[in-house]
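Student: start.cif is reproduced below (mmCIF, C-alpha atoms).
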data_run
#
loop_
_atom_site.group_PDB
_atom_site.id
_atom_site.type_symbol
_atom_site.label_atom_id
_atom_site.label_comp_id
_atom_site.auth_asym_id
_atom_site.auth_seq_id
_atom_site.Cartn_x
_atom_site.Cartn_y
_atom_site.Cartn_z
ATOM 1 C CA MET J 1 171.651 152.653 163.553
ATOM 2 C CA THR J 2 170.068 156.065 163.390
ATOM 3 C CA PRO J 3 166.604 156.249 164.801
ATOM 4 C CA SER J 4 163.948 156.813 162.190
ATOM 5 C CA THR J 5 162.663 160.324 162.041
ATOM 6 C CA ILE J 6 159.324 159.202 160.718
ATOM 7 C CA GLU J 7 157.020 157.894 163.326
ATOM 8 C CA ILE J 8 153.635 156.586 162.362
ATOM 9 C CA VAL J 9 151.201 156.816 165.195
ATOM 10 C CA PRO J 10 148.240 154.525 164.675
ATOM 11 C CA THR J 11 144.981 156.132 165.624
ATOM 12 C CA PRO J 12 142.402 154.180 167.616
ATOM 13 C CA ASP J 13 140.534 153.811 164.310
ATOM 14 C CA ASP J 14 143.570 152.146 162.723
ATOM 15 C CA GLN J 15 143.904 149.794 165.634
ATOM 16 C CA ARG J 16 140.272 148.814 165.518
ATOM 17 C CA ILE J 17 140.420 148.131 161.799
ATOM 18 C CA ALA J 18 143.611 146.128 162.232
ATOM 19 C CA ARG J 19 142.008 144.056 164.962
ATOM 20 C CA LEU J 20 138.932 143.317 162.898
ATOM 21 C CA ALA J 21 140.997 142.582 159.806
ATOM 22 C CA ALA J 22 143.062 140.150 161.868
ATOM 23 C CA ALA J 23 139.875 138.313 162.840
ATOM 24 C CA ALA J 24 138.874 138.131 159.173
ATOM 25 C CA ILE J 25 142.346 136.896 158.182
ATOM 26 C CA VAL J 26 142.190 134.138 160.800
ATOM 27 C CA LEU J 27 138.885 132.976 159.328
ATOM 28 C CA THR J 28 140.343 133.061 155.794
ATOM 29 C CA VAL J 29 143.318 130.944 156.783
ATOM 30 C CA ALA J 30 141.166 128.499 158.767
ATOM 31 C CA GLU J 31 138.803 128.204 155.848
ATOM 32 C CA ALA J 32 141.637 127.346 153.458
ATOM 33 C CA ALA J 33 142.036 124.078 155.370
ATOM 34 C CA ILE J 34 138.489 122.961 154.528
ATOM 35 C CA PRO J 35 138.530 120.629 151.536
ATOM 36 C CA LEU J 36 136.009 121.646 148.898
ATOM 37 C CA PRO J 37 135.119 119.928 145.651
ATOM 38 C CA LEU J 38 135.042 122.903 143.290
ATOM 39 C CA PRO J 39 137.539 125.739 142.977
ATOM 40 C CA GLY J 40 135.748 128.994 143.638
ATOM 41 C CA VAL J 41 133.162 127.521 145.992
ATOM 42 C CA LYS J 42 134.091 128.604 149.505
ATOM 43 C CA PRO J 43 132.032 129.411 152.583
ATOM 44 C CA GLY J 44 133.578 132.895 152.817
ATOM 45 C CA LEU J 45 133.501 132.926 156.596
ATOM 46 C CA ALA J 46 135.527 136.138 156.675
ATOM 47 C CA ASN J 47 132.474 137.901 155.289
ATOM 48 C CA ILE J 48 130.844 137.462 158.699
ATOM 49 C CA VAL J 49 133.386 139.961 159.978
ATOM 50 C CA THR J 50 132.732 142.278 157.028
ATOM 51 C CA LEU J 51 128.994 142.199 157.739
ATOM 52 C CA ILE J 52 129.440 143.019 161.402
ATOM 53 C CA VAL J 53 131.859 145.844 160.618
ATOM 54 C CA LEU J 54 129.426 147.203 158.040
ATOM 55 C CA ALA J 55 126.542 147.156 160.491
ATOM 56 C CA ARG J 56 128.454 148.710 163.340
ATOM 57 C CA TRP J 57 131.055 151.041 161.859
ATOM 58 C CA GLY J 58 129.877 151.683 158.331
ATOM 59 C CA TRP J 59 130.938 151.047 154.776
ATOM 60 C CA ARG J 60 134.351 152.726 154.853
ATOM 61 C CA ASP J 61 135.594 150.442 157.620
ATOM 62 C CA ALA J 62 134.072 147.410 155.919
ATOM 63 C CA VAL J 63 136.042 148.216 152.753
ATOM 64 C CA TRP J 64 139.255 148.531 154.749
ATOM 65 C CA VAL J 65 138.728 145.274 156.606
ATOM 66 C CA ALA J 66 137.677 143.324 153.502
ATOM 67 C CA LEU J 67 140.569 144.522 151.334
ATOM 68 C CA LEU J 68 143.163 144.097 154.072
ATOM 69 C CA ARG J 69 141.791 140.601 154.484
ATOM 70 C CA VAL J 70 142.155 139.837 150.773
ATOM 71 C CA PHE J 71 145.754 141.079 150.633
ATOM 72 C CA ALA J 72 147.035 139.740 153.946
ATOM 73 C CA GLY J 73 145.078 136.495 153.682
ATOM 74 C CA SER J 74 146.505 135.674 150.269
ATOM 75 C CA LEU J 75 149.963 136.695 151.438
ATOM 76 C CA LEU J 76 149.721 134.179 154.283
ATOM 77 C CA LEU J 77 148.435 131.454 151.987
ATOM 78 C CA GLY J 78 151.104 132.088 149.367
ATOM 79 C CA GLN J 79 148.485 133.168 146.863
ATOM 80 C CA LEU J 80 149.382 136.828 146.495
ATOM 81 C CA PHE J 81 149.100 137.883 142.808
ATOM 82 C CA ALA J 82 148.147 134.322 141.828
ATOM 83 C CA PRO J 83 144.961 133.962 139.763
ATOM 84 C CA GLY J 84 142.986 133.049 142.877
ATOM 85 C CA PHE J 85 144.003 136.326 144.473
ATOM 86 C CA PHE J 86 142.656 138.382 141.585
ATOM 87 C CA LEU J 87 139.425 136.399 141.576
ATOM 88 C CA SER J 88 139.092 137.009 145.289
ATOM 89 C CA LEU J 89 139.841 140.718 144.827
ATOM 90 C CA ALA J 90 137.308 141.084 142.004
ATOM 91 C CA GLY J 91 134.684 139.289 144.070
ATOM 92 C CA SER J 92 135.380 141.423 147.132
ATOM 93 C CA LEU J 93 135.215 144.689 145.190
ATOM 94 C CA ALA J 94 131.934 143.659 143.589
ATOM 95 C CA SER J 95 130.399 142.612 146.877
ATOM 96 C CA LEU J 96 131.612 145.759 148.683
ATOM 97 C CA ALA J 97 130.034 147.888 145.968
ATOM 98 C CA THR J 98 126.809 145.923 146.315
ATOM 99 C CA LEU J 99 126.873 146.229 150.102
ATOM 100 C CA GLY J 100 127.300 149.995 149.672
ATOM 101 C CA PHE J 101 123.894 150.052 148.001
ATOM 102 C CA ALA J 102 122.209 147.269 149.955
ATOM 103 C CA MET J 103 123.042 148.786 153.361
ATOM 104 C CA HIS J 104 120.525 151.542 152.653
ATOM 105 C CA LEU J 105 117.660 149.056 152.512
ATOM 106 C CA PRO J 106 115.280 149.532 155.452
ATOM 107 C CA ARG J 107 116.786 147.707 158.427
ATOM 108 C CA ARG J 108 113.401 146.750 159.770
ATOM 109 C CA TRP J 109 112.752 144.546 156.744
ATOM 110 C CA PHE J 110 116.191 143.508 155.575
ATOM 111 C CA GLY J 111 118.640 142.060 158.086
ATOM 112 C CA PRO J 112 122.203 140.777 157.828
ATOM 113 C CA VAL J 113 120.984 137.713 155.926
ATOM 114 C CA SER J 114 119.811 139.831 152.993
ATOM 115 C CA LEU J 115 123.084 141.745 152.921
ATOM 116 C CA SER J 116 125.020 138.498 153.128
ATOM 117 C CA VAL J 117 123.131 136.890 150.246
ATOM 118 C CA PHE J 118 123.501 140.022 148.096
ATOM 119 C CA ALA J 119 127.213 140.161 148.867
ATOM 120 C CA ALA J 120 127.662 136.463 148.078
ATOM 121 C CA PHE J 121 125.944 136.819 144.714
ATOM 122 C CA ALA J 122 127.975 139.924 143.889
ATOM 123 C CA HIS J 123 131.098 138.005 144.869
ATOM 124 C CA ILE J 124 130.472 135.171 142.423
ATOM 125 C CA GLY J 125 129.385 137.736 139.845
ATOM 126 C CA GLY J 126 132.661 139.645 140.122
ATOM 127 C CA GLN J 127 134.661 136.434 140.058
ATOM 128 C CA LEU J 128 132.850 135.063 137.029
ATOM 129 C CA VAL J 129 133.222 138.284 135.052
ATOM 130 C CA LEU J 130 136.967 138.365 135.711
ATOM 131 C CA ALA J 131 137.290 134.643 134.984
ATOM 132 C CA ARG J 132 135.382 135.028 131.714
ATOM 133 C CA LEU J 133 137.422 138.069 130.623
ATOM 134 C CA TRP J 134 140.820 136.857 131.648
ATOM 135 C CA LEU J 135 141.292 133.272 132.808
ATOM 136 C CA VAL J 136 138.792 131.259 130.769
ATOM 137 C CA PRO J 137 137.867 133.363 127.735
ATOM 138 C CA HIS J 138 135.008 131.078 126.810
ATOM 139 C CA ASP J 139 131.335 131.047 127.696
ATOM 140 C CA GLY J 140 131.868 127.580 129.181
ATOM 141 C CA VAL J 141 132.523 129.159 132.601
ATOM 142 C CA PHE J 142 128.879 130.144 132.780
ATOM 143 C CA TYR J 143 128.003 126.462 132.764
ATOM 144 C CA LEU J 144 128.901 126.517 136.469
ATOM 145 C CA VAL J 145 126.672 129.486 137.320
ATOM 146 C CA PRO J 146 123.884 127.369 138.895
ATOM 147 C CA VAL J 147 126.398 125.642 141.195
ATOM 148 C CA PHE J 148 127.913 128.964 142.245
ATOM 149 C CA ALA J 149 124.480 130.499 142.704
ATOM 150 C CA LEU J 150 123.392 127.667 144.975
ATOM 151 C CA ALA J 151 126.612 127.940 146.975
ATOM 152 C CA ALA J 152 126.099 131.702 147.280
ATOM 153 C CA THR J 153 122.559 131.183 148.540
ATOM 154 C CA VAL J 154 123.515 128.574 151.129
ATOM 155 C CA PHE J 155 126.700 130.230 152.389
ATOM 156 C CA GLY J 156 125.093 133.668 152.194
ATOM 157 C CA LEU J 157 122.308 132.425 154.456
ATOM 158 C CA VAL J 158 124.681 130.726 156.903
ATOM 159 C CA ASN J 159 127.101 133.654 157.129
ATOM 160 C CA GLY J 160 124.239 136.120 157.486
ATOM 161 C CA LEU J 161 122.683 134.078 160.286
ATOM 162 C CA VAL J 162 125.975 133.822 162.137
ATOM 163 C CA ALA J 163 126.556 137.575 161.764
ATOM 164 C CA ALA J 164 123.018 138.302 162.978
ATOM 165 C CA LYS J 165 123.513 135.945 165.931
ATOM 166 C CA LEU J 166 126.798 137.557 166.920
ATOM 167 C CA MET J 167 125.295 141.034 166.751
ATOM 168 C CA GLN J 168 122.303 139.898 168.781
ATOM 169 C CA GLY J 169 124.652 138.514 171.437
ATOM 170 C CA ARG J 170 126.518 141.797 171.447
ATOM 171 C CA ALA J 171 123.321 143.776 171.916
ATOM 172 C CA SER J 172 122.362 141.744 174.957
ATOM 173 C CA GLY J 173 125.840 142.104 176.406
ATOM 174 C CA LYS J 174 127.057 138.534 175.947
ATOM 175 C CA ILE J 175 130.091 139.250 173.776
ATOM 176 C CA MET B 1 116.056 120.765 168.265
ATOM 177 C CA LYS B 2 112.932 122.686 167.344
ATOM 178 C CA ALA B 3 113.720 125.404 169.851
ATOM 179 C CA ARG B 4 117.250 125.628 168.440
ATOM 180 C CA LEU B 5 115.876 126.152 164.954
ATOM 181 C CA ALA B 6 113.410 128.771 166.147
ATOM 182 C CA GLU B 7 116.289 130.642 167.755
ATOM 183 C CA TRP B 8 117.864 131.059 164.306
ATOM 184 C CA ILE B 9 114.656 131.716 162.419
ATOM 185 C CA VAL B 10 113.819 134.787 164.495
ATOM 186 C CA LEU B 11 116.968 136.343 163.040
ATOM 187 C CA LEU B 12 115.373 136.356 159.600
ATOM 188 C CA ARG B 13 113.383 139.478 158.812
ATOM 189 C CA PRO B 14 110.508 139.521 156.291
ATOM 190 C CA GLY B 15 112.679 140.977 153.514
ATOM 191 C CA ASP B 16 115.275 138.283 154.147
ATOM 192 C CA TRP B 17 112.766 135.602 153.203
ATOM 193 C CA LEU B 18 112.051 137.529 150.030
ATOM 194 C CA VAL B 19 115.742 137.764 149.189
ATOM 195 C CA LEU B 20 116.259 134.057 149.879
ATOM 196 C CA ALA B 21 113.305 133.143 147.670
ATOM 197 C CA GLY B 22 114.744 135.346 144.928
ATOM 198 C CA ALA B 23 118.162 133.715 145.325
ATOM 199 C CA LEU B 24 116.686 130.233 145.015
ATOM 200 C CA LEU B 25 114.730 131.366 141.983
ATOM 201 C CA VAL B 26 117.973 132.567 140.382
ATOM 202 C CA CYS B 27 119.517 129.147 141.067
ATOM 203 C CA VAL B 28 116.638 127.254 139.498
ATOM 204 C CA LEU B 29 116.250 129.568 136.512
ATOM 205 C CA SER B 30 119.974 129.617 135.757
ATOM 206 C CA ALA B 31 120.075 125.818 135.949
ATOM 207 C CA LEU B 32 117.121 125.536 133.599
ATOM 208 C CA ALA B 33 118.534 128.082 131.177
ATOM 209 C CA LEU B 34 122.137 126.885 131.160
ATOM 210 C CA TRP B 35 121.849 123.126 131.579
ATOM 211 C CA ARG B 36 119.183 122.427 129.010
ATOM 212 C CA GLY B 37 121.554 122.527 126.037
ATOM 213 C CA GLY B 38 122.817 119.311 124.529
ATOM 214 C CA ALA B 39 119.454 117.657 123.904
ATOM 215 C CA PRO B 40 119.495 116.912 120.163
ATOM 216 C CA ASP B 41 116.370 117.016 118.038
ATOM 217 C CA LYS B 42 117.505 115.583 114.712
ATOM 218 C CA ALA B 43 120.062 113.276 113.180
ATOM 219 C CA VAL B 44 121.930 114.256 110.021
ATOM 220 C CA VAL B 45 123.149 111.383 107.852
ATOM 221 C CA ARG B 46 125.778 112.100 105.223
ATOM 222 C CA ALA B 47 126.983 109.825 102.447
ATOM 223 C CA GLY B 48 129.913 110.707 100.212
ATOM 224 C CA GLY B 49 130.038 114.191 101.722
ATOM 225 C CA LYS B 50 126.433 115.058 100.814
ATOM 226 C CA VAL B 51 123.494 115.118 103.194
ATOM 227 C CA PHE B 52 121.673 111.850 102.617
ATOM 228 C CA ALA B 53 118.876 112.302 105.132
ATOM 229 C CA GLU B 54 117.823 114.498 108.036
ATOM 230 C CA VAL B 55 115.729 112.498 110.435
ATOM 231 C CA GLY B 56 113.846 113.738 113.478
ATOM 232 C CA LEU B 57 114.630 111.939 116.735
ATOM 233 C CA ALA B 58 110.997 111.726 117.757
ATOM 234 C CA ARG B 59 110.285 108.131 116.730
ATOM 235 C CA ALA B 60 112.230 104.932 116.182
ATOM 236 C CA GLN B 61 113.249 104.046 112.647
ATOM 237 C CA VAL B 62 116.075 102.566 110.601
ATOM 238 C CA VAL B 63 117.847 104.410 107.788
ATOM 239 C CA GLU B 64 119.821 102.366 105.264
ATOM 240 C CA VAL B 65 122.579 104.287 103.541
ATOM 241 C CA PRO B 66 124.340 102.889 100.475
ATOM 242 C CA GLY B 67 128.090 103.520 100.221
ATOM 243 C CA PRO B 68 131.018 102.226 98.147
ATOM 244 C CA LEU B 69 131.440 99.134 100.386
ATOM 245 C CA GLY B 70 127.797 98.302 100.980
ATOM 246 C CA VAL B 71 124.897 99.414 103.128
ATOM 247 C CA THR B 72 125.310 101.176 106.480
ATOM 248 C CA ARG B 73 122.324 100.767 108.772
ATOM 249 C CA ILE B 74 121.567 103.673 111.061
ATOM 250 C CA GLU B 75 119.138 103.158 113.890
ATOM 251 C CA ILE B 76 117.135 106.037 115.342
ATOM 252 C CA GLU B 77 115.348 105.936 118.672
ATOM 253 C CA PRO B 78 113.644 108.748 120.558
ATOM 254 C CA GLY B 79 116.446 111.085 121.679
ATOM 255 C CA ARG B 80 119.336 108.970 120.381
ATOM 256 C CA ALA B 81 120.849 107.370 117.309
ATOM 257 C CA ARG B 82 123.590 104.875 116.432
ATOM 258 C CA VAL B 83 125.245 103.131 113.553
ATOM 259 C CA ALA B 84 123.809 99.640 113.908
ATOM 260 C CA SER B 85 125.936 97.980 111.249
ATOM 261 C CA ASP B 86 128.549 98.993 108.730
ATOM 262 C CA PRO B 87 130.558 97.082 106.133
ATOM 263 C CA GLY B 88 133.820 98.871 107.081
ATOM 264 C CA PRO B 89 136.780 96.800 108.345
ATOM 265 C CA ARG B 90 137.385 98.410 111.752
ATOM 266 C CA GLN B 91 133.844 99.171 112.905
ATOM 267 C CA TYR B 92 134.814 102.321 114.821
ATOM 268 C CA CYS B 93 131.491 104.008 114.142
ATOM 269 C CA VAL B 94 129.517 100.961 115.258
ATOM 270 C CA ARG B 95 131.498 100.572 118.457
ATOM 271 C CA GLN B 96 130.820 104.203 119.360
ATOM 272 C CA GLY B 97 127.355 103.049 120.374
ATOM 273 C CA TRP B 98 124.438 105.350 120.989
ATOM 274 C CA LEU B 99 124.960 109.063 120.375
ATOM 275 C CA THR B 100 122.891 111.121 122.785
ATOM 276 C CA ARG B 101 124.294 114.661 122.852
ATOM 277 C CA SER B 102 123.889 117.360 120.280
ATOM 278 C CA GLY B 103 127.057 117.682 118.209
ATOM 279 C CA ALA B 104 128.063 114.042 118.643
ATOM 280 C CA VAL B 105 129.384 112.457 115.435
ATOM 281 C CA ALA B 106 129.999 108.863 114.316
ATOM 282 C CA ILE B 107 131.979 108.519 111.101
ATOM 283 C CA CYS B 108 132.243 105.363 109.030
ATOM 284 C CA ALA B 109 135.123 106.556 106.875
ATOM 285 C CA PRO B 110 135.595 103.483 104.641
ATOM 286 C CA ASN B 111 131.972 103.571 103.584
ATOM 287 C CA GLN B 112 131.934 107.402 103.448
ATOM 288 C CA VAL B 113 128.935 107.617 105.772
ATOM 289 C CA SER B 114 128.611 109.856 108.817
ATOM 290 C CA LEU B 115 125.922 110.315 111.438
ATOM 291 C CA SER B 116 125.717 113.470 113.524
ATOM 292 C CA LEU B 117 123.187 114.807 115.983
ATOM 293 C CA ALA B 118 122.066 118.420 115.737
ATOM 294 C CA GLY B 119 119.756 120.851 117.479
ATOM 295 C CA GLY B 120 119.646 122.217 121.003
ATOM 296 C CA ALA B 121 122.616 124.293 122.063
ATOM 297 C CA ALA B 122 125.538 122.339 120.652
ATOM 298 C CA ASP B 123 128.705 123.610 122.283
ATOM 299 C CA TYR B 124 131.127 121.179 120.742
ATOM 300 C CA ASP B 125 131.092 118.343 118.298
ATOM 301 C CA SER B 126 132.875 115.212 119.380
ATOM 302 C CA LEU B 127 135.688 115.846 116.889
ATOM 303 C CA ASN B 128 137.098 119.195 117.886
ATOM 304 C CA TYR B 129 136.289 118.963 121.575
#
Kindly present the structure from the file in structure tokens form.
Tutor:
Amino acid sequence: MTPSTIEIVPTPDDQRIARLAAAAIVLTVAEAAIPLPLPGVKPGLANIVTLIVLARWGWRDAVWVALLRVFAGSLLLGQLFAPGFFLSLAGSLASLATLGFAMHLPRRWFGPVSLSVFAAFAHIGGQLVLARLWLVPHDGVFYLVPVFALAATVFGLVNGLVAAKLMQGRASGKI
Amino acid sequence: MKARLAEWIVLLRPGDWLVLAGALLVCVLSALALWRGGAPDKAVVRAGGKVFAEVGLARAQVVEVPGPLGVTRIEIEPGRARVASDPGPRQYCVRQGWLTRSGAVAICAPNQVSLSLAGGAADYDSLNY
């Protein structure tokens, strides 16, 4: 076997992103084991990682981590290119776009919880738009909006609190 | 327990409360806007294919509809309606019981009488659903 002439040297940046994405993927896979009554309602624990990455390393890294998570997570779960994958992708893109705007809100007033709730709402928004356009071309999907909105509020709050807690621990040198 | 809770609450900044209140408001408003449909406000009675009567569902009353086999009695109560009796042989429309959702239909085919509820945001009628 001839040795490859192309050698890809990962930069420290690449390694950091890979490490963070791995953490997000672990959360995605763990979360898939939680039984939930409605398809589309998920805690989205991996978004905790996205929030922390966003706060510490900025939007570009958050996009990398979130999208790597969507692709690799669905690959592990056997969902790659299944409808659920596209819903997840649409939701992630929408929430990343929203986070891109929301991160410029004054930090003193708006913490990780605000970002988390905004991202969660954008996520269901993106999912619903794709579902309406492609999977269920009927306005009946909007019948579930209140359920999704409540789930986004609750899980947005919980994920935001956990992210805030983890960052607080980091600041005081615990993690 | 209380100290535990306080530990988490300090993580919320003033704007976060605002965002959470807004999120809850979206939940409530979307539920009110999207889940209100289906409450009917009138009953339409047809005989022989023509509208025989349109009755509001506000108060209780009985409508008697003549058909080829005899008289079909339709009973209206606030918010609901049913075919109380029908001369037809199989009684499908009677056994359907109370109709409560907009778009619901009871048809007494032998006597050529039908009862349907209308008004509100009717997504489907009970035939083509």
Student: Quick check on the file I pasted: which residues fall under the PyMOL selection byres ((chain J) within 7 of (chain B))? Write them as a PyMOL selection string.
Tutor: chain J and resi 109-111+113-114+143+145-146+149-150+153+161+164
Student: Name the closest residue to Pro112 in chain J among the candidates J:Leu144, J:Ala32, J:Val158, J:Ala18; distances are taken between atoms, counting only C-alpha atoms.
Tutor: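 Nearest candidate to Pro112 in chain J out of J:Leu144, J:Ala32, J:Val158, J:Ala18: J:Val158.
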Student: Give me, please, the distance in Å between CA of Leu99 in chain J and CA of Phe118 in chain J, quoted to one decimal.
Tutor: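 According to the coordinates, CA of Leu99 in chain J and CA of Phe118 in chain J are separated by 7.3 Å.
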Student: Nearest to Pro110 in chain B: which of B:Val71, B:Ala84, B:Leu57, B:Ile76 is it, counting only C-alpha atoms?
Tutor: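 Going through B:Val71, B:Ala84, B:Leu57, B:Ile76 one by one, the smallest distance to Pro110 in chain B is for B:Val71.
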Student: When you look at range 77-84 of chain J with a cut-off of 9 Å (counting all atoms listed in the file), what residues show up, excluding the ones that are within fewer than 5 positions of it in the same chain? I need them as JSON, numbers by chain.
Tutor: {"J": [29, 32, 40, 70, 71, 72, 89, 135]}
